[in-house]
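Just final_21.csv here, CSV, C-alpha atoms:
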```csv
chain,number,residue,atom,x,y,z
J,1,MET,CA,43.9,121.0,148.1
J,2,SER,CA,46.6,123.5,149.2
J,3,ASP,CA,47.0,126.9,147.4
J,4,SER,CA,50.6,125.9,146.8
J,5,VAL,CA,49.7,122.9,144.7
J,6,TYR,CA,48.4,123.0,141.1
J,7,VAL,CA,47.3,119.9,139.2
J,8,GLY,CA,46.7,120.2,135.5
J,9,ASN,CA,47.1,118.7,132.0
J,10,ALA,CA,49.9,120.2,129.9
J,11,GLY,CA,47.8,120.0,126.7
J,12,LYS,CA,44.8,121.6,128.1
J,13,ASP,CA,46.6,124.3,130.2
J,14,ALA,CA,49.0,125.2,127.4
J,15,ALA,CA,46.1,126.1,125.2
J,16,LEU,CA,45.0,128.7,127.7
J,17,ASP,CA,48.3,130.6,127.8
J,18,ARG,CA,50.2,130.2,124.4
J,19,GLY,CA,51.8,127.0,125.6
J,20,TRP,CA,53.3,128.4,128.9
J,21,LEU,CA,52.8,126.3,132.0
J,22,LEU,CA,55.2,128.0,134.4
J,23,GLY,CA,57.2,131.2,134.6
J,24,HIS,CA,57.4,134.8,135.7
J,25,PHE,CA,54.3,135.7,133.7
J,26,LYS,CA,51.9,133.6,135.8
J,27,ASP,CA,50.2,135.6,138.6
J,28,VAL,CA,52.1,135.9,141.9
J,29,GLY,CA,50.5,133.5,144.3
J,30,ASP,CA,49.9,130.9,141.5
J,31,PRO,CA,52.1,127.9,142.2
J,32,ARG,CA,53.1,128.1,138.6
J,33,HIS,CA,54.7,131.5,139.1
J,34,SER,CA,58.5,131.3,139.0
J,35,GLU,CA,61.3,133.7,138.3
J,36,ALA,CA,63.8,130.8,138.3
J,37,VAL,CA,62.4,128.8,135.4
J,38,GLU,CA,59.9,128.8,132.5
J,39,ILE,CA,58.2,125.7,131.0
J,40,LYS,CA,56.3,125.5,127.8
J,41,TRP,CA,54.3,122.7,126.2
J,42,GLY,CA,54.6,123.9,122.6
J,43,VAL,CA,52.1,122.5,120.1
J,44,HIS,CA,53.1,123.7,116.6
J,45,PRO,CA,51.3,123.0,113.3
J,46,ARG,CA,53.5,122.2,110.3
J,47,GLY,CA,55.2,125.3,109.0
J,48,ASP,CA,54.9,127.3,112.3
J,49,GLU,CA,57.9,129.4,112.9
J,50,ARG,CA,59.2,132.1,115.3
J,51,ALA,CA,58.4,135.5,113.8
J,52,GLU,CA,61.9,136.7,114.4
J,53,TRP,CA,65.2,135.5,115.9
J,54,VAL,CA,65.8,135.8,119.6
J,55,ARG,CA,68.8,138.1,120.0
J,56,GLY,CA,70.9,138.9,123.1
J,57,GLU,CA,69.8,135.7,124.9
J,58,GLU,CA,70.3,135.9,128.6
J,59,ARG,CA,68.8,132.5,129.4
J,60,THR,CA,69.8,128.8,129.1
J,61,ALA,CA,67.2,126.6,127.3
J,62,LEU,CA,66.5,122.9,126.9
J,63,LEU,CA,64.1,121.9,124.1
J,64,VAL,CA,62.9,118.3,124.0
J,65,LEU,CA,60.9,116.8,121.0
J,66,ILE,CA,57.8,114.9,122.2
J,67,SER,CA,56.4,114.3,118.7
J,68,GLY,CA,56.9,115.5,115.1
J,69,ARG,CA,59.9,117.0,113.4
J,70,PHE,CA,61.2,120.3,114.7
J,71,ARG,CA,64.2,122.5,113.7
J,72,VAL,CA,66.0,124.8,116.0
J,73,GLU,CA,68.0,127.4,114.1
J,74,LEU,CA,71.3,128.5,115.7
J,75,PRO,CA,74.0,130.8,114.4
J,76,GLY,CA,75.9,128.9,111.7
J,77,HIS,CA,73.8,125.7,111.9
J,78,ASP,CA,70.5,124.1,112.4
J,79,VAL,CA,69.6,121.2,114.8
J,80,LEU,CA,66.9,118.9,113.5
J,81,LEU,CA,65.0,117.0,116.1
J,82,GLU,CA,63.4,113.9,114.5
J,83,GLU,CA,63.1,111.2,117.1
J,84,ARG,CA,61.0,111.3,120.3
J,85,GLY,CA,63.3,112.5,123.0
J,86,ASP,CA,65.8,114.3,120.8
J,87,TYR,CA,66.8,117.5,122.5
J,88,VAL,CA,69.1,120.5,122.2
J,89,VAL,CA,70.5,122.8,124.9
J,90,TRP,CA,71.8,126.3,124.3
J,91,GLY,CA,73.1,128.9,126.7
J,92,HIS,CA,73.6,132.5,127.4
J,93,GLY,CA,74.4,134.6,124.3
J,94,VAL,CA,73.2,132.0,121.7
J,95,ASP,CA,70.7,133.6,119.3
J,96,HIS,CA,68.1,131.3,118.0
J,97,SER,CA,64.8,130.7,116.1
J,98,TRP,CA,62.7,127.6,115.3
J,99,PHE,CA,60.6,126.0,112.6
J,100,ALA,CA,58.1,123.1,112.8
J,101,GLU,CA,58.9,120.9,109.8
J,102,GLU,CA,55.9,118.7,110.8
J,103,GLU,CA,53.2,119.1,113.3
J,104,SER,CA,55.2,119.0,116.5
J,105,VAL,CA,54.9,119.0,120.3
J,106,VAL,CA,58.0,120.2,122.2
J,107,LEU,CA,58.7,120.8,125.8
J,108,THR,CA,60.9,123.8,126.5
J,109,VAL,CA,62.5,124.6,129.8
J,110,ARG,CA,64.3,128.0,130.1
J,111,TRP,CA,66.1,129.6,133.0
J,112,PRO,CA,66.0,132.1,134.5
J,113,SER,CA,62.5,133.4,133.8
J,114,VAL,CA,62.9,137.0,132.7
J,115,PRO,CA,60.8,139.4,130.6
J,116,GLY,CA,61.8,140.9,127.4
J,117,TYR,CA,61.6,138.2,124.7
J,118,ALA,CA,58.0,138.5,123.5
J,119,VAL,CA,57.3,138.9,119.8
J,120,ALA,CA,54.0,140.6,119.1
J,121,GLY,CA,51.5,138.2,117.5
J,122,ASN,CA,53.7,135.2,117.7
J,123,GLY,CA,52.6,132.0,119.4
J,124,GLY,CA,56.2,131.2,120.4
J,125,ALA,CA,56.7,134.1,122.8
J,126,HIS,CA,54.6,134.8,125.8
J,127,PRO,CA,52.5,138.0,125.6
J,128,ARG,CA,53.8,139.3,128.9
J,129,SER,CA,57.4,138.1,128.6
```

Would you mind writing the file out in structure tokens?
Amino acid sequence: MSDSVYVGNAGKDAALDRGWLLGHFKDVGDPRHSEAVEIKWGVHPRGDERAEWVRGEERTALLVLISGRFRVELPGHDVLLEERGDYVVWGHGVDHSWFAEEESVVLTVRWPSVPGYAVAGNGGAHPRS
């Protein structure tokens, strides 16, 4: 197979890198390296939450519920994702956090892929981002 093709399983690969499948934090030369977009397969136990709010957001994000019940916290209101396929999109400048009301699997796509959002010791942020 070509060095520019990667075949994997989201559940298995996500477990190796805190959920992250694609983004700037993957090694250059890896087909999953991208500065344009980040993709995360997030598996969250009930009660899992982001350690602190993202402030000064420079990215746009799409978060899709695969299973479970997941709350995205935005300034002034929360969005509760309850049915498979429910999703929310937020853009540049929208601070946010999240909370898994039930064991949940979510797919997150963010663009562009830029460093600077990691929270030490938090499964929701990439260790090198």

Next on the checklist: I need every residue sitting at most 8 Å from the point (54.6, 127.2, 134.1) (coordinates as in the file, only C-alpha atoms considered), written as a PyMOL selection string.
Outcome noted: chain J and resi 20-23+26+32-34+38-40

Next on the checklist: Counting all atoms listed in the file, which residue out of J:Asp95, J:Asp17, J:Glu35, J:Asp27 sits closest to Gly56 of chain J?
Outcome noted: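 Closest to Gly56 of chain J, using all atoms listed in the file: J:Asp95.
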
Checklist entry - How many Å separate atom CA of Ser104 of chain J from atom CA of Trp53 of chain J? => result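 Here the two named atoms are 19.3 Å from each other.
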
Checklist entry - Out of J:Leu16, J:Val94, J:Val89, J:Val5, which residue has the shortest atom-to-atom distance to Leu62 of chain J when counting only C-alpha atoms? => result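 Of the candidates, the smallest distance to Leu62 of chain J is held by J:Val89.
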
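Proximity to Glu49 of chain J was assessed for J:Ala15, J:Val72, J:Val7, J:Val79 counting only C-alpha atoms; the smallest distance is recorded for J:Val72.
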
Checklist entry - In Å, with one decimal, what is the gap from atom CA of Phe25 of chain J to atom CA of Glu103 of chain J? => result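 Going from atom CA of Phe25 of chain J over to atom CA of Glu103 of chain J covers 26.3 Å.
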
Checklist entry - What is the atom CA of Val37 of chain J-atom CA of Ala100 of chain J distance in Å, reported with one decimal? => result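 Computing it gives 23.7 Å between the two atoms.
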
Checklist entry - Which polymer residues have any atom within 12 Å of an atom of Gly47 of chain J, counting all atoms listed in the file, with same-chain residues fewer than 2 positions away left out, as a PyMOL selection string? => result chain J and resi 43-45+49-51+68-71+98-104

Next on the checklist: Residues within 9 Å of Val64 of chain J, please, as a list of chain:residue names. Count only C-alpha atoms; anything in the same chain fewer than 5 positions from it doesn't count.
Outcome noted: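 Result of the neighbour search: J:Leu81, J:Arg84, J:Gly85, J:Asp86, J:Tyr87, J:Val88, J:Val89, J:Val105, J:Val106, J:Leu107, J:Thr108, J:Val109.
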
Checklist outcome for this item: In terms of all atoms listed in the file, the residue from J:Arg55, J:His77, J:His24, J:Arg46 at minimal distance from Arg110 of chain J is J:His24

Next on the checklist: For a quick check of understanding, using only C-alpha atoms, which of J:Glu83, J:Asp30, J:Glu73, J:Glu57 has the smallest distance to Tyr6 of chain J?
Outcome noted: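 Among J:Glu83, J:Asp30, J:Glu73, J:Glu57, it is J:Asp30 that comes nearest to Tyr6 of chain J.
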
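Comparing the minimum interatomic distances between Glu82 of chain J and each of J:Val114, J:Ala61, J:Ile66, J:Val28, counting all atoms listed in the file, we find that J:Ile66 sits nearest.
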
Segment 49-69 of chain J written out with N, CA, C and O atoms as a PDB file, in the first residue's frame:
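Written out: out_36.pdb:
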```pdb
ATOM      1  N   GLU J  49     -16.044  15.199  31.464  1.00  0.00           N
ATOM      2  CA  GLU J  49     -16.234  16.597  31.083  1.00  0.00           C
ATOM      3  C   GLU J  49     -14.895  17.232  30.759  1.00  0.00           C
ATOM      4  O   GLU J  49     -13.844  16.760  31.183  1.00  0.00           O
ATOM      5  N   ARG J  50     -14.956  18.307  29.984  1.00  0.00           N
ATOM      6  CA  ARG J  50     -13.729  19.035  29.653  1.00  0.00           C
ATOM      7  C   ARG J  50     -13.265  19.737  30.920  1.00  0.00           C
ATOM      8  O   ARG J  50     -14.077  20.320  31.644  1.00  0.00           O
ATOM      9  N   ALA J  51     -11.988  19.702  31.201  1.00  0.00           N
ATOM     10  CA  ALA J  51     -11.449  20.246  32.451  1.00  0.00           C
ATOM     11  C   ALA J  51     -11.644  21.760  32.564  1.00  0.00           C
ATOM     12  O   ALA J  51     -11.782  22.286  33.662  1.00  0.00           O
ATOM     13  N   GLU J  52     -11.648  22.453  31.447  1.00  0.00           N
ATOM     14  CA  GLU J  52     -11.902  23.896  31.459  1.00  0.00           C
ATOM     15  C   GLU J  52     -12.443  24.327  30.103  1.00  0.00           C
ATOM     16  O   GLU J  52     -12.268  23.648  29.107  1.00  0.00           O
ATOM     17  N   TRP J  53     -13.127  25.444  30.086  1.00  0.00           N
ATOM     18  CA  TRP J  53     -13.713  25.966  28.850  1.00  0.00           C
ATOM     19  C   TRP J  53     -12.616  26.326  27.848  1.00  0.00           C
ATOM     20  O   TRP J  53     -11.542  26.782  28.231  1.00  0.00           O
ATOM     21  N   VAL J  54     -12.927  26.133  26.569  1.00  0.00           N
ATOM     22  CA  VAL J  54     -12.073  26.654  25.500  1.00  0.00           C
ATOM     23  C   VAL J  54     -12.424  28.130  25.368  1.00  0.00           C
ATOM     24  O   VAL J  54     -13.590  28.484  25.195  1.00  0.00           O
ATOM     25  N   ARG J  55     -11.427  28.972  25.460  1.00  0.00           N
ATOM     26  CA  ARG J  55     -11.629  30.425  25.347  1.00  0.00           C
ATOM     27  C   ARG J  55     -10.808  30.933  24.167  1.00  0.00           C
ATOM     28  O   ARG J  55      -9.738  30.413  23.876  1.00  0.00           O
ATOM     29  N   GLY J  56     -11.320  31.931  23.480  1.00  0.00           N
ATOM     30  CA  GLY J  56     -10.594  32.510  22.355  1.00  0.00           C
ATOM     31  C   GLY J  56     -10.532  31.571  21.155  1.00  0.00           C
ATOM     32  O   GLY J  56      -9.516  31.508  20.473  1.00  0.00           O
ATOM     33  N   GLU J  57     -11.603  30.846  20.920  1.00  0.00           N
ATOM     34  CA  GLU J  57     -11.657  29.858  19.839  1.00  0.00           C
ATOM     35  C   GLU J  57     -11.371  30.493  18.480  1.00  0.00           C
ATOM     36  O   GLU J  57     -11.932  31.518  18.135  1.00  0.00           O
ATOM     37  N   GLU J  58     -10.455  29.879  17.731  1.00  0.00           N
ATOM     38  CA  GLU J  58     -10.100  30.343  16.384  1.00  0.00           C
ATOM     39  C   GLU J  58     -10.578  29.382  15.310  1.00  0.00           C
ATOM     40  O   GLU J  58     -10.368  29.625  14.132  1.00  0.00           O
ATOM     41  N   ARG J  59     -11.195  28.264  15.724  1.00  0.00           N
ATOM     42  CA  ARG J  59     -11.590  27.228  14.780  1.00  0.00           C
ATOM     43  C   ARG J  59     -13.111  27.177  14.645  1.00  0.00           C
ATOM     44  O   ARG J  59     -13.837  27.714  15.468  1.00  0.00           O
ATOM     45  N   THR J  60     -13.567  26.494  13.615  1.00  0.00           N
ATOM     46  CA  THR J  60     -14.965  26.127  13.474  1.00  0.00           C
ATOM     47  C   THR J  60     -15.038  24.643  13.808  1.00  0.00           C
ATOM     48  O   THR J  60     -14.110  23.896  13.502  1.00  0.00           O
ATOM     49  N   ALA J  61     -16.130  24.210  14.432  1.00  0.00           N
ATOM     50  CA  ALA J  61     -16.255  22.808  14.831  1.00  0.00           C
ATOM     51  C   ALA J  61     -17.630  22.260  14.496  1.00  0.00           C
ATOM     52  O   ALA J  61     -18.635  22.976  14.544  1.00  0.00           O
ATOM     53  N   LEU J  62     -17.636  20.983  14.169  1.00  0.00           N
ATOM     54  CA  LEU J  62     -18.853  20.201  13.979  1.00  0.00           C
ATOM     55  C   LEU J  62     -18.733  19.009  14.912  1.00  0.00           C
ATOM     56  O   LEU J  62     -17.726  18.296  14.863  1.00  0.00           O
ATOM     57  N   LEU J  63     -19.719  18.795  15.782  1.00  0.00           N
ATOM     58  CA  LEU J  63     -19.716  17.663  16.685  1.00  0.00           C
ATOM     59  C   LEU J  63     -20.995  16.869  16.434  1.00  0.00           C
ATOM     60  O   LEU J  63     -22.096  17.415  16.501  1.00  0.00           O
ATOM     61  N   VAL J  64     -20.838  15.574  16.098  1.00  0.00           N
ATOM     62  CA  VAL J  64     -21.960  14.700  15.757  1.00  0.00           C
ATOM     63  C   VAL J  64     -22.063  13.592  16.795  1.00  0.00           C
ATOM     64  O   VAL J  64     -21.065  12.917  17.090  1.00  0.00           O
ATOM     65  N   LEU J  65     -23.260  13.372  17.334  1.00  0.00           N
ATOM     66  CA  LEU J  65     -23.488  12.296  18.285  1.00  0.00           C
ATOM     67  C   LEU J  65     -23.634  10.971  17.544  1.00  0.00           C
ATOM     68  O   LEU J  65     -24.479  10.829  16.661  1.00  0.00           O
ATOM     69  N   ILE J  66     -22.801  10.008  17.897  1.00  0.00           N
ATOM     70  CA  ILE J  66     -22.897   8.659  17.351  1.00  0.00           C
ATOM     71  C   ILE J  66     -23.776   7.811  18.276  1.00  0.00           C
ATOM     72  O   ILE J  66     -24.669   7.106  17.830  1.00  0.00           O
ATOM     73  N   SER J  67     -23.508   7.892  19.592  1.00  0.00           N
ATOM     74  CA  SER J  67     -24.323   7.176  20.576  1.00  0.00           C
ATOM     75  C   SER J  67     -24.225   7.892  21.913  1.00  0.00           C
ATOM     76  O   SER J  67     -23.289   8.650  22.165  1.00  0.00           O
ATOM     77  N   GLY J  68     -25.214   7.663  22.779  1.00  0.00           N
ATOM     78  CA  GLY J  68     -25.204   8.233  24.113  1.00  0.00           C
ATOM     79  C   GLY J  68     -26.030   9.500  24.225  1.00  0.00           C
ATOM     80  O   GLY J  68     -26.992   9.716  23.479  1.00  0.00           O
ATOM     81  N   ARG J  69     -25.617  10.337  25.151  1.00  0.00           N
ATOM     82  CA  ARG J  69     -26.282  11.624  25.437  1.00  0.00           C
ATOM     83  C   ARG J  69     -25.171  12.575  25.845  1.00  0.00           C
ATOM     84  O   ARG J  69     -24.495  12.357  26.856  1.00  0.00           O
TER      85      ARG J  69
END
```
